[in-house]
file coords-v1.pdb (PDB, C-alpha atoms, pLDDT in the B column)
ATOM      1  CA  PRO A   1       0.000   0.000   0.000  1.00 57.00           C
ATOM      2  CA  TYR A   2       2.987   2.356   0.114  1.00 69.00           C
ATOM      3  CA  HIS A   3       6.314   2.765  -1.629  1.00 77.00           C
ATOM      4  CA  SER A   4       9.595   3.911  -0.103  1.00 87.00           C
ATOM      5  CA  ILE A   5      11.374   6.695  -1.946  1.00 89.00           C
ATOM      6  CA  VAL A   6      14.276   9.044  -1.452  1.00 91.00           C
ATOM      7  CA  ALA A   7      13.382  12.692  -2.168  1.00 90.00           C
ATOM      8  CA  TRP A   8      15.881  15.297  -3.322  1.00 91.00           C
ATOM      9  CA  ASP A   9      15.693  18.868  -4.531  1.00 94.00           C
ATOM     10  CA  ALA A  10      15.786  18.833  -8.346  1.00 93.00           C
ATOM     11  CA  PRO A  11      19.367  20.154  -8.762  1.00 93.00           C
ATOM     12  CA  GLN A  12      20.682  17.208  -6.725  1.00 94.00           C
ATOM     13  CA  VAL A  13      19.488  14.549  -9.200  1.00 93.00           C
ATOM     14  CA  SER A  14      20.473  14.502 -12.854  1.00 92.00           C
ATOM     15  CA  ILE A  15      21.194  12.056 -15.630  1.00 93.00           C
ATOM     16  CA  THR A  16      24.895  12.377 -16.383  1.00 94.00           C
ATOM     17  CA  SER A  17      25.016  10.139 -19.444  1.00 94.00           C
ATOM     18  CA  GLY A  18      22.537   8.511 -21.778  1.00 95.00           C
ATOM     19  CA  GLU A  19      19.972  11.320 -21.707  1.00 94.00           C
ATOM     20  CA  ASP A  20      18.912  10.221 -25.181  1.00 96.00           C
ATOM     21  CA  GLN A  21      17.989   6.820 -23.697  1.00 97.00           C
ATOM     22  CA  VAL A  22      15.260   8.108 -21.370  1.00 97.00           C
ATOM     23  CA  THR A  23      11.756   9.416 -21.872  1.00 97.00           C
ATOM     24  CA  GLU A  24      10.075  12.041 -19.741  1.00 96.00           C
ATOM     25  CA  TYR A  25       6.312  11.774 -19.400  1.00 97.00           C
ATOM     26  CA  LYS A  26       4.456  14.786 -18.007  1.00 97.00           C
ATOM     27  CA  TYR A  27       1.042  13.979 -16.607  1.00 95.00           C
ATOM     28  CA  PRO A  28      -1.485  16.173 -18.434  1.00 94.00           C
ATOM     29  CA  THR A  29      -3.580  17.086 -15.383  1.00 94.00           C
ATOM     30  CA  LEU A  30      -1.052  16.803 -12.539  1.00 92.00           C
ATOM     31  CA  GLU A  31       2.135  18.630 -11.651  1.00 92.00           C
ATOM     32  CA  MET A  32       4.063  15.387 -11.961  1.00 95.00           C
ATOM     33  CA  THR A  33       6.612  13.918 -14.338  1.00 96.00           C
ATOM     34  CA  ARG A  34       7.922  10.378 -14.718  1.00 96.00           C
ATOM     35  CA  VAL A  35      11.365   9.717 -16.223  1.00 97.00           C
ATOM     36  CA  PHE A  36      12.035   6.175 -17.410  1.00 96.00           C
ATOM     37  CA  CYS A  37      14.500   4.072 -19.408  1.00 97.00           C
ATOM     38  CA  ASN A  38      13.585   3.569 -23.073  1.00 97.00           C
ATOM     39  CA  HIS A  39      15.043   0.040 -23.050  1.00 96.00           C
ATOM     40  CA  CYS A  40      13.741  -1.657 -19.909  1.00 95.00           C
ATOM     41  CA  GLY A  41      10.967   0.713 -18.818  1.00 95.00           C
ATOM     42  CA  GLU A  42      12.422   1.155 -15.317  1.00 95.00           C
ATOM     43  CA  VAL A  43      11.284   4.415 -13.722  1.00 95.00           C
ATOM     44  CA  LEU A  44      14.443   6.360 -12.863  1.00 96.00           C
ATOM     45  CA  TYR A  45      12.691   9.098 -10.924  1.00 96.00           C
ATOM     46  CA  ASN A  46       9.467  11.046 -10.612  1.00 96.00           C
ATOM     47  CA  THR A  47       8.965  14.721  -9.954  1.00 95.00           C
ATOM     48  CA  ASN A  48       6.168  16.229  -7.898  1.00 93.00           C
ATOM     49  CA  ALA A  49       4.438  19.588  -7.490  1.00 91.00           C
ATOM     50  CA  MET A  50       7.028  20.647  -4.905  1.00 91.00           C
ATOM     51  CA  GLY A  51       9.839  20.200  -7.415  1.00 91.00           C
ATOM     52  CA  TRP A  52      11.364  17.195  -5.654  1.00 94.00           C
ATOM     53  CA  ARG A  53      12.912  14.344  -7.582  1.00 96.00           C
ATOM     54  CA  LEU A  54      11.738  11.067  -6.113  1.00 94.00           C
ATOM     55  CA  VAL A  55      13.852   7.941  -6.561  1.00 95.00           C
ATOM     56  CA  SER A  56      12.625   4.524  -5.488  1.00 94.00           C
ATOM     57  CA  GLN A  57      14.594   2.943  -2.650  1.00 94.00           C
ATOM     58  CA  LEU A  58      14.204  -0.324  -4.577  1.00 92.00           C
ATOM     59  CA  LEU A  59      16.030   1.145  -7.594  1.00 94.00           C
ATOM     60  CA  ILE A  60      18.814   2.474  -5.379  1.00 94.00           C
ATOM     61  CA  SER A  61      19.122  -0.956  -3.730  1.00 95.00           C
ATOM     62  CA  LYS A  62      19.455  -2.603  -7.161  1.00 94.00           C
ATOM     63  CA  CYS A  63      22.472  -0.381  -7.810  1.00 92.00           C
ATOM     64  CA  HIS A  64      24.093  -1.407  -4.496  1.00 95.00           C
ATOM     65  CA  ASP A  65      23.969  -5.232  -4.633  1.00 96.00           C
ATOM     66  CA  GLY A  66      20.464  -5.327  -3.186  1.00 95.00           C
ATOM     67  CA  GLU A  67      21.288  -3.241  -0.110  1.00 95.00           C
ATOM     68  CA  LEU A  68      20.087   0.281   0.566  1.00 93.00           C
ATOM     69  CA  PRO A  69      22.975   2.426   1.856  1.00 94.00           C
ATOM     70  CA  GLU A  70      22.438   3.360   5.513  1.00 92.00           C
ATOM     71  CA  GLU A  71      22.466   7.089   4.756  1.00 92.00           C
ATOM     72  CA  LEU A  72      19.464   6.629   2.447  1.00 91.00           C
ATOM     73  CA  HIS A  73      17.236   4.748   4.888  1.00 89.00           C
ATOM     74  CA  SER A  74      13.881   6.379   5.565  1.00 87.00           C
ATOM     75  CA  ASN A  75      13.883   9.157   8.138  1.00 88.00           C
ATOM     76  CA  ALA A  76      10.270  10.392   7.828  1.00 88.00           C
ATOM     77  CA  HIS A  77       6.812   9.447   6.588  1.00 87.00           C
ATOM     78  CA  TYR A  78       5.488  12.327   4.484  1.00 83.00           C
ATOM     79  CA  PHE A  79       1.779  12.895   3.901  1.00 85.00           C
ATOM     80  CA  TYR A  80       0.985  10.516   6.743  1.00 89.00           C
ATOM     81  CA  ASP A  81      -2.285  12.358   7.287  1.00 92.00           C
ATOM     82  CA  ARG A  82      -3.414  10.940   3.901  1.00 89.00           C
ATOM     83  CA  ARG A  83      -2.407   7.356   4.654  1.00 88.00           C
ATOM     84  CA  ILE A  84      -4.543   4.354   3.811  1.00 89.00           C
ATOM     85  CA  VAL A  85      -2.865   2.115   6.413  1.00 90.00           C
ATOM     86  CA  ASP A  86      -1.274   2.806   9.764  1.00 92.00           C
ATOM     87  CA  ILE A  87       2.482   2.277   9.963  1.00 90.00           C
ATOM     88  CA  ASP A  88       3.855   1.103  13.284  1.00 92.00           C
ATOM     89  CA  ASP A  89       7.498   2.140  13.413  1.00 92.00           C
ATOM     90  CA  ARG A  90       9.682   4.746  15.072  1.00 92.00           C
ATOM     91  CA  ILE A  91      10.092   6.931  11.992  1.00 92.00           C
ATOM     92  CA  PRO A  92       8.532  10.422  12.423  1.00 92.00           C
ATOM     93  CA  LYS A  93       5.225  10.924  10.668  1.00 91.00           C
ATOM     94  CA  GLY A  94       4.398  14.272   9.073  1.00 82.00           C
ATOM     95  CA  GLY A  95       1.361  15.827   7.435  1.00 71.00           C
TER
END

call {"tool": "encode", "arguments": {"input": "coords-v1.pdb", "output": "structure tokens"}}
result
Amino acid sequence: PYHSIVAWDAPQVSITSGEDQVTEYKYPTLEMTRVFCNHCGEVLYNTNAMGWRLVSQLLISKCHDGELPEELHSNAHYFYDRRIVDIDDRIPKGG
């Protein structure tokens, strides 16, 4: 019911090579964009209305032998006030 992501300000995330190998899809009615690989379809990151670039923790783990680096572990639950399930952990929950 939820997906773990790492959120960065836009200037902190960029594609440094192979830009011609990705497609950017802008949702027509939302302030969101999805950037994905033309070959495998993997979503590289999403953008949101706040300008953040959102990268899946699963994708990051794939790039690190299946392990998420400690410094990228979750440190907050955003939009918890809109949740569909309760999450019982010690991570701070924000609106």

call {"tool": "residues_around", "arguments": {"input": "coords-v1.pdb", "residues": "Ile60 (chain A)", "least_positions_apart": "6", "cutoff": "10 Å", "atoms": "only C-alpha atoms", "output": "ChimeraX atom specification"}}
result
/A:5-6,44,66-69,72

call {"tool": "closest_residue", "arguments": {"input": "coords-v1.pdb", "among": "A:Tyr45, A:Trp8, A:Phe79, A:Trp52", "to": "Glu31 (chain A)", "atoms": "only C-alpha atoms"}}
result
A:Trp52

call {"tool": "atom_distance", "arguments": {"input": "coords-v1.pdb", "atom1": "CA of His77 (chain A)", "atom2": "CA of Leu54 (chain A)"}}
result
13.7 Å

call {"tool": "closest_residue", "arguments": {"input": "coords-v1.pdb", "among": "A:Val55, A:Ala49, A:Met32, A:Ile91", "to": "Ser14 (chain A)", "atoms": "all atoms listed in the file"}}
result
A:Val55

call {"tool": "resolve_selection", "arguments": {"input": "coords-v1.pdb", "expression": "the PyMOL selection byres ((chain A and resi 22) around 12)", "output": "JSON, numbers by chain"}}
result
{"A": [14, 15, 16, 17, 18, 19, 20, 21, 23, 24, 25, 34, 35, 36, 37, 38, 39, 40, 41, 42, 43, 44, 45]}

call {"tool": "resolve_selection", "arguments": {"input": "coords-v1.pdb", "expression": "the PyMOL selection byres ((chain A and resi 4) around 8)", "output": "MDAnalysis selection string"}}
result
chainID A and resid 2:3 5:6 56:58 74

call {"tool": "resolve_selection", "arguments": {"input": "coords-v1.pdb", "expression": "the PyMOL selection byres ((chain A and resi 83) around 12)", "output": "PyMOL selection string"}}
result
chain A and resi 1-3+77-82+84-87+93-95

call {"tool": "atom_distance", "arguments": {"input": "coords-v1.pdb", "atom1": "CA of Pro11 (chain A)", "atom2": "CA of Thr29 (chain A)"}}
result
24.1 Å

call {"tool": "closest_residue", "arguments": {"input": "coords-v1.pdb", "among": "A:Thr33, A:His64, A:Ala10, A:Arg90", "to": "Asn48 (chain A)", "atoms": "all atoms listed in the file"}}
result
A:Thr33

call {"tool": "axis_aligned_box", "arguments": {"input": "coords-v1.pdb", "around": "region 60-78 of chain A", "padding_each_side": "3 Å", "output": "lines of an AutoDock Vina configuration file"}}
result
center_x = 14.8
center_y = 3.5
center_z = 0.2
size_x = 24.6
size_y = 23.7
size_z = 21.9

call {"tool": "atom_distance", "arguments": {"input": "coords-v1.pdb", "atom1": "CA of Met50 (chain A)", "atom2": "CA of Asp9 (chain A)"}}
result
8.9 Å

call {"tool": "decode", "arguments": {"input": "coords-v1.pdb", "residues": "chain A", "atoms": "C-alpha atoms", "output": "mmCIF file, in the first residue's frame"}}
result
data_model
loop_
_atom_site.group_PDB
_atom_site.id
_atom_site.type_symbol
_atom_site.label_atom_id
_atom_site.label_comp_id
_atom_site.auth_asym_id
_atom_site.auth_seq_id
_atom_site.Cartn_x
_atom_site.Cartn_y
_atom_site.Cartn_z
ATOM 1 C CA PRO A 1 0.000 0.000 0.000
ATOM 2 C CA TYR A 2 2.987 2.356 0.114
ATOM 3 C CA HIS A 3 6.314 2.765 -1.629
ATOM 4 C CA SER A 4 9.595 3.911 -0.103
ATOM 5 C CA ILE A 5 11.374 6.695 -1.946
ATOM 6 C CA VAL A 6 14.276 9.044 -1.452
ATOM 7 C CA ALA A 7 13.382 12.692 -2.168
ATOM 8 C CA TRP A 8 15.881 15.297 -3.322
ATOM 9 C CA ASP A 9 15.693 18.868 -4.531
ATOM 10 C CA ALA A 10 15.786 18.833 -8.346
ATOM 11 C CA PRO A 11 19.367 20.154 -8.762
ATOM 12 C CA GLN A 12 20.682 17.208 -6.725
ATOM 13 C CA VAL A 13 19.488 14.549 -9.200
ATOM 14 C CA SER A 14 20.473 14.502 -12.854
ATOM 15 C CA ILE A 15 21.194 12.056 -15.630
ATOM 16 C CA THR A 16 24.895 12.377 -16.383
ATOM 17 C CA SER A 17 25.016 10.139 -19.444
ATOM 18 C CA GLY A 18 22.537 8.511 -21.778
ATOM 19 C CA GLU A 19 19.972 11.320 -21.707
ATOM 20 C CA ASP A 20 18.912 10.221 -25.181
ATOM 21 C CA GLN A 21 17.989 6.820 -23.697
ATOM 22 C CA VAL A 22 15.260 8.108 -21.370
ATOM 23 C CA THR A 23 11.756 9.416 -21.872
ATOM 24 C CA GLU A 24 10.075 12.041 -19.741
ATOM 25 C CA TYR A 25 6.312 11.774 -19.400
ATOM 26 C CA LYS A 26 4.456 14.786 -18.007
ATOM 27 C CA TYR A 27 1.042 13.979 -16.607
ATOM 28 C CA PRO A 28 -1.485 16.173 -18.434
ATOM 29 C CA THR A 29 -3.580 17.086 -15.383
ATOM 30 C CA LEU A 30 -1.052 16.803 -12.539
ATOM 31 C CA GLU A 31 2.135 18.630 -11.651
ATOM 32 C CA MET A 32 4.063 15.387 -11.961
ATOM 33 C CA THR A 33 6.612 13.918 -14.338
ATOM 34 C CA ARG A 34 7.922 10.378 -14.718
ATOM 35 C CA VAL A 35 11.365 9.717 -16.223
ATOM 36 C CA PHE A 36 12.035 6.175 -17.410
ATOM 37 C CA CYS A 37 14.500 4.072 -19.408
ATOM 38 C CA ASN A 38 13.585 3.569 -23.073
ATOM 39 C CA HIS A 39 15.043 0.040 -23.050
ATOM 40 C CA CYS A 40 13.741 -1.657 -19.909
ATOM 41 C CA GLY A 41 10.967 0.713 -18.818
ATOM 42 C CA GLU A 42 12.422 1.155 -15.317
ATOM 43 C CA VAL A 43 11.284 4.415 -13.722
ATOM 44 C CA LEU A 44 14.443 6.360 -12.863
ATOM 45 C CA TYR A 45 12.691 9.098 -10.924
ATOM 46 C CA ASN A 46 9.467 11.046 -10.612
ATOM 47 C CA THR A 47 8.965 14.721 -9.954
ATOM 48 C CA ASN A 48 6.168 16.229 -7.898
ATOM 49 C CA ALA A 49 4.438 19.588 -7.490
ATOM 50 C CA MET A 50 7.028 20.647 -4.905
ATOM 51 C CA GLY A 51 9.839 20.200 -7.415
ATOM 52 C CA TRP A 52 11.364 17.195 -5.654
ATOM 53 C CA ARG A 53 12.912 14.344 -7.582
ATOM 54 C CA LEU A 54 11.738 11.067 -6.113
ATOM 55 C CA VAL A 55 13.852 7.941 -6.561
ATOM 56 C CA SER A 56 12.625 4.524 -5.488
ATOM 57 C CA GLN A 57 14.594 2.943 -2.650
ATOM 58 C CA LEU A 58 14.204 -0.324 -4.577
ATOM 59 C CA LEU A 59 16.030 1.145 -7.594
ATOM 60 C CA ILE A 60 18.814 2.474 -5.379
ATOM 61 C CA SER A 61 19.122 -0.956 -3.730
ATOM 62 C CA LYS A 62 19.455 -2.603 -7.161
ATOM 63 C CA CYS A 63 22.472 -0.381 -7.810
ATOM 64 C CA HIS A 64 24.093 -1.407 -4.496
ATOM 65 C CA ASP A 65 23.969 -5.232 -4.633
ATOM 66 C CA GLY A 66 20.464 -5.327 -3.186
ATOM 67 C CA GLU A 67 21.288 -3.241 -0.110
ATOM 68 C CA LEU A 68 20.087 0.281 0.566
ATOM 69 C CA PRO A 69 22.975 2.426 1.856
ATOM 70 C CA GLU A 70 22.438 3.360 5.513
ATOM 71 C CA GLU A 71 22.466 7.089 4.756
ATOM 72 C CA LEU A 72 19.464 6.629 2.447
ATOM 73 C CA HIS A 73 17.236 4.748 4.888
ATOM 74 C CA SER A 74 13.881 6.379 5.565
ATOM 75 C CA ASN A 75 13.883 9.157 8.138
ATOM 76 C CA ALA A 76 10.270 10.392 7.828
ATOM 77 C CA HIS A 77 6.812 9.447 6.588
ATOM 78 C CA TYR A 78 5.488 12.327 4.484
ATOM 79 C CA PHE A 79 1.779 12.895 3.901
ATOM 80 C CA TYR A 80 0.985 10.516 6.743
ATOM 81 C CA ASP A 81 -2.285 12.358 7.287
ATOM 82 C CA ARG A 82 -3.414 10.940 3.901
ATOM 83 C CA ARG A 83 -2.407 7.356 4.654
ATOM 84 C CA ILE A 84 -4.543 4.354 3.811
ATOM 85 C CA VAL A 85 -2.865 2.115 6.413
ATOM 86 C CA ASP A 86 -1.274 2.806 9.764
ATOM 87 C CA ILE A 87 2.482 2.277 9.963
ATOM 88 C CA ASP A 88 3.855 1.103 13.284
ATOM 89 C CA ASP A 89 7.498 2.140 13.413
ATOM 90 C CA ARG A 90 9.682 4.746 15.072
ATOM 91 C CA ILE A 91 10.092 6.931 11.992
ATOM 92 C CA PRO A 92 8.532 10.422 12.423
ATOM 93 C CA LYS A 93 5.225 10.924 10.668
ATOM 94 C CA GLY A 94 4.398 14.272 9.073
ATOM 95 C CA GLY A 95 1.361 15.827 7.435
#
